[in-house]
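Text of data-v6.cif (mmCIF, C-alpha atoms and all ligand atoms) as supplied:
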data_query
#
loop_
_atom_site.label_atom_id
_atom_site.label_comp_id
_atom_site.auth_asym_id
_atom_site.auth_seq_id
_atom_site.Cartn_x
_atom_site.Cartn_y
_atom_site.Cartn_z
CA MET A 1 -39.54 -76.09 43.26
CA VAL A 2 -39.99 -78.93 40.85
CA VAL A 3 -37.93 -77.59 37.99
CA GLU A 4 -35.42 -74.76 37.70
CA ARG A 5 -34.83 -74.23 34.05
CA ASP A 6 -36.85 -73.44 30.96
CA MET A 7 -38.83 -76.42 30.01
CA ILE A 8 -40.25 -77.75 26.86
CA LEU A 9 -43.12 -80.23 26.73
CA GLU A 10 -40.77 -83.07 25.77
CA ASP A 11 -39.12 -82.69 29.19
CA LEU A 12 -42.43 -83.56 30.76
CA GLY A 13 -42.78 -86.81 28.84
CA PHE A 14 -44.90 -85.35 26.06
CA ASP A 15 -43.30 -87.48 23.34
CA ASN A 16 -44.39 -90.53 25.22
CA LEU A 17 -48.10 -89.79 24.95
CA PRO A 18 -50.05 -92.15 22.71
CA GLU A 19 -52.41 -89.43 21.45
CA LYS A 20 -50.24 -86.37 21.60
CA SER A 21 -51.62 -84.82 18.40
CA LYS A 22 -54.83 -84.12 20.33
CA TYR A 23 -52.96 -81.87 22.72
CA GLU A 24 -51.18 -79.91 20.05
CA ASN A 25 -54.45 -78.71 18.56
CA SER A 26 -55.16 -76.26 21.32
CA ASP A 27 -56.67 -72.99 20.19
CA GLY A 28 -54.25 -70.75 22.05
CA GLU A 29 -56.54 -70.05 24.96
CA PHE A 30 -55.46 -73.21 26.76
CA VAL A 31 -52.06 -74.76 27.26
CA PRO A 32 -51.21 -78.38 28.03
CA GLY A 33 -49.47 -79.13 31.29
CA ARG A 34 -48.59 -81.98 33.59
CA VAL A 35 -49.68 -82.27 37.20
CA ALA A 36 -46.57 -82.39 39.38
CA ILE A 37 -47.98 -82.03 42.89
CA GLU A 38 -51.40 -82.72 44.34
CA HIS A 39 -52.25 -81.28 47.70
CA LYS A 40 -55.82 -81.02 49.03
CA GLU A 41 -57.40 -80.09 45.69
CA ARG A 42 -54.57 -77.65 44.89
CA TYR A 43 -52.19 -78.65 42.17
CA VAL A 44 -48.81 -77.61 40.88
CA VAL A 45 -48.82 -77.96 37.11
CA LEU A 46 -45.78 -77.78 34.84
CA THR A 47 -46.13 -76.27 31.38
CA ALA A 48 -43.81 -74.95 28.68
CA GLU A 49 -44.55 -71.51 30.19
CA GLY A 50 -43.36 -72.61 33.63
CA GLU A 51 -44.88 -73.75 36.88
CA PHE A 52 -48.44 -72.85 37.94
CA GLU A 53 -50.52 -73.23 41.05
CA ALA A 54 -53.85 -74.53 39.83
CA GLU A 55 -57.39 -75.47 40.76
CA VAL A 56 -60.05 -77.24 38.75
CA THR A 57 -62.99 -75.39 37.21
CA GLY A 58 -66.28 -75.41 39.07
CA ASN A 59 -67.74 -77.31 36.15
CA LEU A 60 -65.19 -80.11 36.45
CA ARG A 61 -65.79 -80.27 40.18
CA PHE A 62 -69.56 -80.51 39.88
CA SER A 63 -69.60 -83.05 37.11
CA ALA A 64 -67.06 -85.29 38.87
CA LYS A 65 -68.70 -88.58 39.80
CA SER A 66 -65.79 -89.88 41.81
CA ARG A 67 -62.28 -89.01 42.88
CA GLU A 68 -60.99 -90.49 39.67
CA ASP A 69 -62.50 -87.54 37.82
CA PHE A 70 -60.12 -85.17 39.61
CA PRO A 71 -56.54 -84.59 38.48
CA ALA A 72 -53.84 -86.86 39.83
CA VAL A 73 -50.08 -86.51 39.79
CA GLY A 74 -48.81 -87.42 36.33
CA ASP A 75 -51.99 -86.32 34.60
CA TRP A 76 -51.88 -84.28 31.41
CA VAL A 77 -54.35 -81.43 31.65
CA MET A 78 -55.51 -78.44 29.62
CA LEU A 79 -55.36 -75.24 31.58
CA LYS A 80 -55.88 -71.54 31.33
CA THR A 81 -52.98 -69.65 32.82
CA PHE A 82 -52.86 -66.18 34.35
CA ASP A 83 -49.92 -63.81 34.77
CA SER A 84 -50.20 -64.12 38.52
CA GLY A 85 -48.87 -67.68 38.29
CA PHE A 86 -52.31 -69.09 38.96
CA ALA A 87 -54.10 -71.41 36.53
CA VAL A 88 -57.42 -73.18 36.11
CA ILE A 89 -57.61 -76.79 34.96
CA HIS A 90 -60.38 -77.26 32.39
CA LYS A 91 -59.82 -80.78 31.20
CA ILE A 92 -57.98 -83.96 32.13
CA TYR A 93 -56.72 -85.97 29.19
CA SER A 94 -57.28 -89.71 29.06
CA ARG A 95 -54.67 -91.63 31.04
CA TYR A 96 -52.59 -94.31 29.37
CA SER A 97 -51.89 -95.94 32.71
CA VAL A 98 -53.24 -95.40 36.22
CA ILE A 99 -51.85 -96.86 39.43
CA LYS A 100 -54.73 -97.37 41.89
CA ARG A 101 -55.41 -99.08 45.13
CA GLU A 102 -58.45 -99.46 47.31
CA ALA A 103 -58.71 -96.23 49.32
CA ALA A 104 -57.50 -96.84 52.86
CA GLY A 105 -60.44 -97.17 55.23
CA GLU A 106 -63.02 -96.77 52.45
CA HIS A 107 -64.16 -100.12 51.16
CA GLY A 108 -65.34 -100.21 47.59
CA THR A 109 -63.65 -96.96 46.48
CA GLN A 110 -60.42 -96.53 44.62
CA GLN A 111 -57.66 -94.02 45.05
CA ILE A 112 -55.36 -92.98 42.26
CA ILE A 113 -51.71 -93.03 43.21
CA ALA A 114 -50.35 -91.67 39.93
CA ALA A 115 -51.27 -91.46 36.26
CA ASN A 116 -49.38 -91.88 32.98
CA ILE A 117 -46.60 -93.89 34.57
CA ASP A 118 -44.31 -96.08 32.45
CA CYS A 119 -42.53 -98.00 35.13
CA ALA A 120 -42.92 -98.50 38.88
CA LEU A 121 -39.96 -98.91 41.20
CA ILE A 122 -41.31 -101.09 44.00
CA LEU A 123 -39.06 -100.44 46.97
CA GLN A 124 -38.63 -102.75 49.91
CA ALA A 125 -35.87 -102.48 52.47
CA ALA A 126 -33.68 -105.51 53.06
CA ASP A 127 -34.25 -105.25 56.81
CA ARG A 128 -37.54 -105.91 58.58
CA ASP A 129 -39.69 -104.35 55.83
CA PHE A 130 -38.98 -107.21 53.43
CA ASN A 131 -42.13 -109.22 52.63
CA ILE A 132 -42.79 -111.23 49.46
CA ASN A 133 -46.57 -111.34 49.94
CA ARG A 134 -46.55 -107.55 49.84
CA LEU A 135 -44.30 -107.56 46.77
CA GLU A 136 -46.96 -109.65 45.01
CA ARG A 137 -49.55 -107.06 46.02
CA TYR A 138 -47.57 -104.24 44.46
CA LEU A 139 -46.99 -106.31 41.33
CA THR A 140 -50.74 -106.88 41.05
CA ILE A 141 -51.57 -103.17 41.20
CA CYS A 142 -48.80 -102.39 38.69
CA TYR A 143 -49.92 -105.01 36.17
CA GLU A 144 -53.51 -103.90 36.55
CA ALA A 145 -52.33 -100.33 35.89
CA LYS A 146 -50.42 -101.38 32.75
CA VAL A 147 -47.20 -100.21 34.35
CA THR A 148 -43.98 -102.23 34.08
CA PRO A 149 -42.72 -103.11 37.55
CA VAL A 150 -39.16 -103.46 38.78
CA ILE A 151 -38.23 -104.47 42.32
CA VAL A 152 -35.68 -102.41 44.24
CA ILE A 153 -34.33 -103.82 47.50
CA SER A 154 -32.87 -100.93 49.52
CA LYS A 155 -30.69 -100.79 52.65
CA THR A 156 -28.50 -103.66 51.50
CA ASP A 157 -25.81 -102.08 53.70
CA LEU A 158 -27.72 -103.47 56.69
CA ARG A 159 -27.33 -107.07 55.50
CA ASP A 160 -24.24 -109.18 54.83
CA GLN A 161 -23.62 -110.89 51.52
CA GLN A 162 -24.93 -114.25 52.65
CA GLU A 163 -28.18 -112.77 53.93
CA MET A 164 -28.63 -110.87 50.66
CA THR A 165 -28.14 -114.05 48.62
CA LEU A 166 -30.80 -115.82 50.69
CA LEU A 167 -33.18 -112.91 50.31
CA LEU A 168 -32.74 -112.71 46.53
CA ASP A 169 -33.18 -116.48 46.23
CA GLU A 170 -36.39 -116.17 48.21
CA ILE A 171 -37.71 -113.63 45.69
CA ARG A 172 -36.62 -115.75 42.75
CA ALA A 173 -38.47 -118.79 44.09
CA ARG A 174 -41.75 -116.93 43.74
CA ILE A 175 -41.23 -114.07 41.30
CA ASN A 176 -39.08 -114.83 38.31
CA ASP A 177 -39.88 -112.43 35.53
CA VAL A 178 -39.38 -109.08 37.27
CA PRO A 179 -35.92 -107.45 37.42
CA VAL A 180 -34.55 -107.03 40.95
CA PHE A 181 -32.10 -104.25 41.87
CA PRO A 182 -30.43 -104.50 45.27
CA ILE A 183 -29.20 -101.02 46.28
CA SER A 184 -27.92 -99.04 49.21
CA ASN A 185 -28.82 -95.37 49.45
CA LEU A 186 -26.00 -95.04 51.96
CA THR A 187 -23.12 -96.38 49.87
CA GLN A 188 -24.89 -96.04 46.49
CA SER A 189 -23.95 -99.60 45.63
CA GLY A 190 -26.23 -100.93 42.88
CA TYR A 191 -26.97 -97.41 41.64
CA SER A 192 -25.22 -97.76 38.30
CA GLN A 193 -27.38 -100.75 37.31
CA LEU A 194 -30.55 -98.98 38.40
CA LYS A 195 -29.61 -95.77 36.57
CA GLU A 196 -29.31 -97.73 33.35
CA ILE A 197 -33.04 -98.36 33.24
CA LEU A 198 -34.02 -94.72 33.80
CA SER A 199 -34.51 -93.10 30.41
CA ALA A 200 -35.29 -89.55 29.37
CA GLY A 201 -38.95 -88.65 28.91
CA LYS A 202 -40.22 -91.75 30.72
CA THR A 203 -42.07 -91.53 34.02
CA TYR A 204 -41.19 -93.71 37.01
CA CYS A 205 -43.26 -93.97 40.16
CA VAL A 206 -41.56 -94.97 43.40
CA LEU A 207 -43.78 -97.13 45.63
CA GLY A 208 -43.27 -98.74 49.03
CA SER A 209 -43.78 -98.56 52.78
CA SER A 210 -42.76 -95.56 54.84
CA GLY A 211 -39.06 -95.37 55.65
CA VAL A 212 -37.73 -97.69 52.92
CA GLY A 213 -35.78 -94.83 51.31
CA LYS A 214 -37.96 -93.65 48.41
CA SER A 215 -37.25 -89.95 48.89
CA THR A 216 -33.59 -90.60 49.69
CA LEU A 217 -33.23 -92.49 46.41
CA ILE A 218 -34.76 -89.62 44.41
CA ASN A 219 -32.56 -87.07 46.20
CA ASN A 220 -29.45 -89.12 45.53
CA LEU A 221 -30.32 -89.52 41.87
CA ALA A 222 -30.86 -85.75 41.66
CA GLY A 223 -27.53 -85.19 43.40
CA ARG A 224 -29.05 -82.84 45.98
CA GLU A 225 -31.87 -82.64 48.47
CA ILE A 226 -35.07 -81.90 46.60
CA LEU A 227 -37.27 -83.86 48.98
CA ARG A 228 -37.25 -84.01 52.74
CA THR A 229 -36.46 -87.44 54.07
CA SER A 230 -37.38 -88.86 57.40
CA GLU A 231 -35.07 -88.92 60.32
CA ILE A 232 -36.47 -91.54 62.62
CA SER A 233 -37.07 -89.99 66.01
CA GLU A 234 -35.43 -91.99 68.80
CA SER A 235 -38.26 -91.39 71.26
CA THR A 236 -41.31 -92.03 69.06
CA LYS A 237 -39.67 -94.31 66.48
CA LYS A 238 -41.66 -92.43 63.85
CA GLY A 239 -40.33 -90.57 60.84
CA ARG A 240 -40.30 -86.79 61.20
CA HIS A 241 -40.08 -85.77 57.56
CA THR A 242 -42.14 -88.49 56.14
CA THR A 243 -43.50 -87.73 52.65
CA ASN A 244 -47.12 -86.59 52.75
CA ARG A 245 -47.87 -85.89 49.11
CA ARG A 246 -47.19 -87.23 45.65
CA GLU A 247 -44.61 -85.24 43.79
CA LEU A 248 -43.16 -85.40 40.28
CA HIS A 249 -39.54 -84.42 39.57
CA ILE A 250 -37.54 -84.15 36.40
CA GLN A 251 -34.03 -85.53 36.77
CA GLN A 252 -30.85 -84.27 35.12
CA ASN A 253 -30.85 -87.22 32.72
CA GLY A 254 -34.41 -86.38 31.65
CA SER A 255 -36.19 -89.19 33.44
CA ILE A 256 -39.27 -88.18 35.42
CA LEU A 257 -39.62 -89.55 38.95
CA VAL A 258 -42.72 -89.52 41.13
CA ASP A 259 -42.28 -89.77 44.89
CA THR A 260 -45.22 -91.07 46.94
CA PRO A 261 -46.03 -91.24 50.65
CA GLY A 262 -45.34 -94.61 52.27
CA MET A 263 -48.30 -96.97 52.03
CA ARG A 264 -49.50 -98.87 55.03
CA GLU A 265 -52.12 -100.79 53.11
CA VAL A 266 -51.91 -102.00 49.54
CA GLY A 267 -55.59 -102.83 49.10
CA ILE A 268 -56.60 -104.71 46.00
CA ALA A 269 -59.43 -103.08 44.04
CA ASP A 270 -60.79 -104.39 40.73
CA ALA A 271 -57.54 -106.01 39.75
CA ALA A 272 -58.56 -109.23 38.02
CA GLY A 273 -56.15 -108.60 35.14
CA GLY A 274 -53.33 -107.76 37.55
CA LEU A 275 -53.84 -110.98 39.50
CA GLU A 276 -53.79 -113.00 36.30
CA ILE A 277 -50.33 -111.70 35.39
CA THR A 278 -48.85 -111.80 38.89
CA PHE A 279 -50.07 -115.35 39.47
CA GLY A 280 -49.64 -116.51 35.88
CA GLU A 281 -48.70 -120.04 36.87
CA ILE A 282 -51.88 -120.48 38.93
CA PHE A 283 -54.01 -119.19 36.05
CA ARG A 284 -52.27 -121.38 33.48
CA THR A 285 -52.58 -124.48 35.65
CA GLY A 286 -56.21 -123.58 36.40
CA LYS A 287 -57.11 -124.19 32.76
CA GLU A 288 -56.68 -127.91 33.46
CA CYS A 289 -59.13 -127.99 36.38
CA ARG A 290 -62.17 -130.24 35.90
CA PHE A 291 -64.62 -127.35 36.36
CA SER A 292 -64.15 -124.25 34.27
CA ASP A 293 -65.33 -122.02 37.14
CA CYS A 294 -63.05 -123.77 39.64
CA ARG A 295 -62.00 -121.49 42.51
CA HIS A 296 -59.11 -123.80 43.44
CA ILE A 297 -60.18 -124.07 47.07
CA HIS A 298 -61.48 -127.61 47.59
CA GLU A 299 -63.02 -128.66 44.27
CA LYS A 300 -62.56 -132.18 42.96
CA GLY A 301 -60.22 -132.46 40.00
CA CYS A 302 -58.55 -129.10 40.74
CA ALA A 303 -55.22 -128.96 38.91
CA VAL A 304 -54.03 -126.01 41.02
CA LEU A 305 -54.51 -127.84 44.33
CA LYS A 306 -52.68 -130.81 42.86
CA ALA A 307 -49.76 -128.60 41.77
CA VAL A 308 -49.62 -127.06 45.24
CA GLU A 309 -49.60 -130.53 46.86
CA GLU A 310 -46.81 -131.61 44.53
CA GLY A 311 -44.81 -128.49 45.27
CA VAL A 312 -44.95 -127.24 41.67
CA ILE A 313 -46.82 -124.12 42.78
CA ASP A 314 -45.43 -122.39 45.87
CA ARG A 315 -47.93 -122.82 48.71
CA LYS A 316 -47.32 -119.36 50.18
CA SER A 317 -47.86 -117.81 46.79
CA TYR A 318 -51.07 -119.81 46.39
CA ASP A 319 -52.30 -118.71 49.86
CA ASN A 320 -51.48 -115.10 49.00
CA TYR A 321 -53.38 -115.43 45.71
CA LEU A 322 -56.50 -116.75 47.48
CA LYS A 323 -56.38 -113.90 49.97
CA MET A 324 -56.07 -111.24 47.27
CA GLU A 325 -58.72 -112.86 45.08
CA LYS A 326 -61.11 -112.75 48.05
CA GLU A 327 -60.26 -109.09 48.56
CA ARG A 328 -60.94 -108.38 44.91
CA GLU A 329 -64.35 -110.07 45.10
CA PHE A 330 -65.17 -108.15 48.24
CA PHE A 331 -64.13 -104.91 46.57
CA GLU A 332 -66.37 -105.58 43.59
CA MET A 333 -69.32 -106.45 45.78
CA THR A 334 -68.95 -103.30 47.90
CA ALA A 335 -68.33 -101.12 44.85
CA ALA A 336 -71.50 -102.51 43.20
CA GLU A 337 -73.53 -101.87 46.37
CA ARG A 338 -72.14 -98.35 46.64
CA HIS A 339 -72.90 -97.72 43.00
CA GLU A 340 -76.47 -98.95 43.40
CA LYS A 341 -77.04 -96.72 46.44
CA GLU A 342 -75.69 -93.70 44.57
CA ARG A 343 -77.85 -94.51 41.56
CA ALA A 344 -80.97 -94.80 43.73
CA PHE A 345 -80.11 -91.55 45.47
CA GLY A 346 -79.53 -89.80 42.14
CA LYS A 347 -82.92 -91.02 40.88
CA MET A 348 -84.63 -89.84 44.03
CA LEU A 349 -83.10 -86.37 43.60
CA LYS A 350 -84.20 -86.27 39.98
CA ASP A 351 -87.74 -87.34 40.85
CA TYR A 352 -87.80 -84.79 43.62
CA LYS A 353 -86.78 -82.02 41.22
CA LYS A 354 -89.48 -83.13 38.79
CA GLY A 355 -92.03 -82.72 41.55
CA LYS A 356 -92.81 -86.39 41.75
CA PHE A 357 -92.53 -86.34 45.52
CA VAL A 358 -94.86 -84.57 47.87
CA ASP A 359 -94.62 -85.27 51.57
CA GLY A 360 -92.29 -88.16 50.78
CA ARG A 361 -94.93 -89.90 48.63
CA GLY A 362 -94.57 -90.20 44.90
CA ILE A 363 -97.33 -88.65 42.79
CA GLU A 364 -97.32 -89.95 39.26
N1 LIG B 1 -28.88 -97.71 56.11
C1 LIG B 1 -29.68 -97.18 55.17
N2 LIG B 1 -30.54 -96.22 55.49
C2 LIG B 1 -31.33 -95.71 54.52
C3 LIG B 1 -31.28 -96.19 53.18
N3 LIG B 1 -32.20 -95.52 52.46
C4 LIG B 1 -32.81 -94.67 53.31
N4 LIG B 1 -32.30 -94.77 54.55
C5 LIG B 1 -32.71 -94.01 55.74
O1 LIG B 1 -34.06 -94.36 56.04
C6 LIG B 1 -34.79 -93.23 56.52
C7 LIG B 1 -36.06 -93.05 55.69
O2 LIG B 1 -35.74 -92.66 54.37
P1 LIG B 1 -36.76 -91.89 53.43
O3 LIG B 1 -36.09 -91.70 52.13
O4 LIG B 1 -37.33 -90.70 54.07
O5 LIG B 1 -37.92 -92.98 53.30
P2 LIG B 1 -39.25 -92.88 52.46
O6 LIG B 1 -39.44 -94.19 51.80
O7 LIG B 1 -39.25 -91.69 51.60
O8 LIG B 1 -40.36 -92.74 53.61
P3 LIG B 1 -41.81 -92.04 53.53
O9 LIG B 1 -41.63 -90.69 52.95
O10 LIG B 1 -42.27 -91.99 54.96
O11 LIG B 1 -42.67 -92.92 52.71
C8 LIG B 1 -33.82 -92.06 56.44
O12 LIG B 1 -33.29 -91.82 57.71
C9 LIG B 1 -32.77 -92.52 55.47
O13 LIG B 1 -31.52 -91.92 55.71
C10 LIG B 1 -30.32 -97.22 52.88
O14 LIG B 1 -30.20 -97.71 51.73
N5 LIG B 1 -29.55 -97.67 53.91
MG MG B 2 -40.47 -90.11 51.44
ZN ZN B 3 -58.95 -125.50 40.34
#

Starting from the file, lay out its structure as structure tokens.
Ligand SMILES: Nc1nc2c(ncn2[C@@H]2O[C@H](COP(=O)(O)OP(=O)(O)OP(=O)(O)O)[C@@H](O)[C@H]2O)c(=O)[nH]1
Ligand SMILES: [Mg+2]
Ligand SMILES: [Zn+2]
Amino acid sequence: MVVERDMILEDLGFDNLPEKSKYENSDGEFVPGRVAIEHKERYVVLTAEGEFEAEVTGNLRFSAKSREDFPAVGDWVMLKTFDSGFAVIHKIYSRYSVIKREAAGEHGTQQIIAANIDCALILQAADRDFNINRLERYLTICYEAKVTPVIVISKTDLRDQQEMTLLLDEIRARINDVPVFPISNLTQSGYSQLKEILSAGKTYCVLGSSGVGKSTLINNLAGREILRTSEISESTKKGRHTTNRRELHIQQNGSILVDTPGMREVGIADAAGGLEITFGEIFRTGKECRFSDCRHIHEKGCAVLKAVEEGVIDRKSYDNYLKMEKEREFFEMTAAERHEKERAFGKMLKDYKKGKFVDGRGIE
């Protein structure tokens, strides 16, 4: 159960929508709602009338060109509701922000993690999960999504003060304009500072690897267990109640939190804008390179390479940038190839329907 009391649209973040007047002009047949859970093409949608189990119309399904044309958690949709508690989604409203990554195991395609998110809580645990290269990856997908990131370092109870200071210094050396909140879900230390940034009607998406404490954090903020959390099995070392779907929850203070399954891969898709913000210093320095299309790898007169040599730009950050930039280029190439294949296939189908093909040969 995502919500247990009568809701109004404002509780779902409605006031925060840039074009909310569009939604209010419904003709009575449809109601606006927000997708709270997505599970194998079944959705739980919250509306002012309550919670509905929903599917998309056949029309929406057939006209969908890619997965992005299907609803995602956080989406605002127009739906027709039935007394049985079932509803049909007719339309997805334009998204003001979309967190995406490259779909795991499917080069050149993107997967939506959540839509209409204001702020992402990037969780990393202070123990062995901690990895700054990965933090930069998450930052890149957040900036590309137009979502404000904050970094949350969990499990601080597993580290002593000195270790925590070192870890925070390490982050600061590479990332200096993102707030960092060290917390423990066990002792709830650091919670009061984190709670201060959670405001009513805004939507927060919790991101991070499996086992870092995303669901535990949301449960603790809710003050009770609304999500199952993983108990690590001693024999298999794997989580037993690991989160397997995205899920939106409205908190007592009115903030809206989206839990997500742990990510093993944070693949970079078309995230040129995200890279430019995450690696701002590299991009700024790059303006002084001799060649305007400098890739900062081995070119003569490269200002970035010089800054790396001089220690002005962190070498690990630079290496991570090159790796992600390569990934981005590879994504774009594969996506373009995929697109071209689909286009050719679409044309073939069209020609076939027009009777241009007989025995595999075109007849004009
Ligand atoms: N010591 C300590 N343990 C924690 C902390 N936060 C979470 N845990 C434990 O870590 C395990 C995993 O927590 P979850 O909240 O399920 O992790 P998750 O990020 O939701 O994992 P996925 O759903 O698999 O993505 C549980 O056994 C928690 O009790 C923390 O701050 N300190
Ligand atoms: Mg979880
Ligand atoms: Zn250069």

Step by step, measure atom-to-atom distances between ligand LIG 1 (chain B) and each residue using all atoms listed in the file, keep those at most 6 Å, then write them as a list in words. Ser154, Lys155, Asp157, Leu158, Ser184, Asn185, Leu186, Ser209, Ser210, Gly211, Val212, Gly213, Lys214, Ser215, Thr216, Thr229, Ser230, Glu231, Ile232, Thr242, Thr243, Pro261 and Gly262 of chain A

Pull C-alpha atoms from the residues just selected and write them as a PDB file, in the coordinates of the input.
ATOM      1  CA  SER A 154     -32.870-100.930  49.520  1.00  0.00           C
ATOM      2  CA  LYS A 155     -30.690-100.790  52.650  1.00  0.00           C
ATOM      3  CA  ASP A 157     -25.810-102.080  53.700  1.00  0.00           C
ATOM      4  CA  LEU A 158     -27.720-103.470  56.690  1.00  0.00           C
ATOM      5  CA  SER A 184     -27.920 -99.040  49.210  1.00  0.00           C
ATOM      6  CA  ASN A 185     -28.820 -95.370  49.450  1.00  0.00           C
ATOM      7  CA  LEU A 186     -26.000 -95.040  51.960  1.00  0.00           C
ATOM      8  CA  SER A 209     -43.780 -98.560  52.780  1.00  0.00           C
ATOM      9  CA  SER A 210     -42.760 -95.560  54.840  1.00  0.00           C
ATOM     10  CA  GLY A 211     -39.060 -95.370  55.650  1.00  0.00           C
ATOM     11  CA  VAL A 212     -37.730 -97.690  52.920  1.00  0.00           C
ATOM     12  CA  GLY A 213     -35.780 -94.830  51.310  1.00  0.00           C
ATOM     13  CA  LYS A 214     -37.960 -93.650  48.410  1.00  0.00           C
ATOM     14  CA  SER A 215     -37.250 -89.950  48.890  1.00  0.00           C
ATOM     15  CA  THR A 216     -33.590 -90.600  49.690  1.00  0.00           C
ATOM     16  CA  THR A 229     -36.460 -87.440  54.070  1.00  0.00           C
ATOM     17  CA  SER A 230     -37.380 -88.860  57.400  1.00  0.00           C
ATOM     18  CA  GLU A 231     -35.070 -88.920  60.320  1.00  0.00           C
ATOM     19  CA  ILE A 232     -36.470 -91.540  62.620  1.00  0.00           C
ATOM     20  CA  THR A 242     -42.140 -88.490  56.140  1.00  0.00           C
ATOM     21  CA  THR A 243     -43.500 -87.730  52.650  1.00  0.00           C
ATOM     22  CA  PRO A 261     -46.030 -91.240  50.650  1.00  0.00           C
ATOM     23  CA  GLY A 262     -45.340 -94.610  52.270  1.00  0.00           C
TER      24      GLY A 262
END

Could you list, as an MDAnalysis selection string, every residue within 12 Å of A:Ile141, counting all atoms listed in the file and ignoring same-chain residues fewer than 5 positions away? chainID A and resid 97:102 110:114 120 122 134:136 146:149 207 266:278 324 328

Please identify every polymer residue within 6 Å of ligand ZN 3 (chain B), using only C-alpha atoms and all ligand atoms, and present the set as a PyMOL selection string. chain A and resi 286+289+294-296+302-304

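The space separating atom CA of A:Glu51 from atom CA of A:His90 comes to 16.5 Å.
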
Which residue is closest to ligand MG 2 (chain B)? Choose from A:Glu225, A:Glu38, A:Asp129, A:Asp314 and count all atoms listed in the file. A:Glu225

Between A:Thr285, A:Ser317, A:Asn176, A:Ser84, which is the closest to A:Gly50 once you count only C-alpha atoms? A:Ser84

So the first atom is atom CA of A:Gly254 and the second is atom CA of A:Thr203; what is the distance between them in Å, to one decimal place? 9.5 Å

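Computed from the coordinates, the atom CA of A:Gly223 to atom CA of A:Gly208 distance equals 21.5 Å.
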
Minimum-distance residue to ligand MG 2 (chain B), chosen among A:Ile89, A:Ile197, A:Leu167, A:Val258 (using all atoms listed in the file):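 Ranking A:Ile89, A:Ile197, A:Leu167, A:Val258 by distance to ligand MG 2 (chain B), first place goes to A:Val258.
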
So which residues are close to (-59.2, -86.8, 41.1), meaning at most 12 Å away in the file's coordinates with all atoms listed in the file counted, and can you show them as number ranges by chain? A: 35, 38-43, 55-56, 60-61, 63-75, 77, 89, 91-92, 98, 100, 110-115

Closest of A:Leu194, A:Met263, A:Leu349, A:Ala104 to ligand MG 2 (chain B), counting only C-alpha atoms and all ligand atoms, is A:Met263

Given all atoms listed in the file as the basis, pick out the residue of A:Gly346, A:Ser292, A:Asn320, A:Arg245 nearest to ligand MG 2 (chain B).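 Looking only at the distances to ligand MG 2 (chain B), the closest residue turns out to be A:Arg245.
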
Identify the residues within 7 Å of coordinate (-70.3, -101.6, 51.9) (same frame as the file), considering all atoms listed in the file, and give the answer as JSON, numbers by chain. {"A": [107, 108, 334, 337, 338]}

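Between ligand MG 2 (chain B) and the residues A:Leu322, A:Met7, A:Ile226, A:Ile282, the shortest atom-to-atom distance, using only C-alpha atoms and all ligand atoms, involves A:Ile226.
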
Close residues, A:Glu49 itself excluded, 9 Å, only C-alpha atoms, min 3 positions apart in chain, as a VMD selection string: chain A and resid 6 to 8 31 46 52
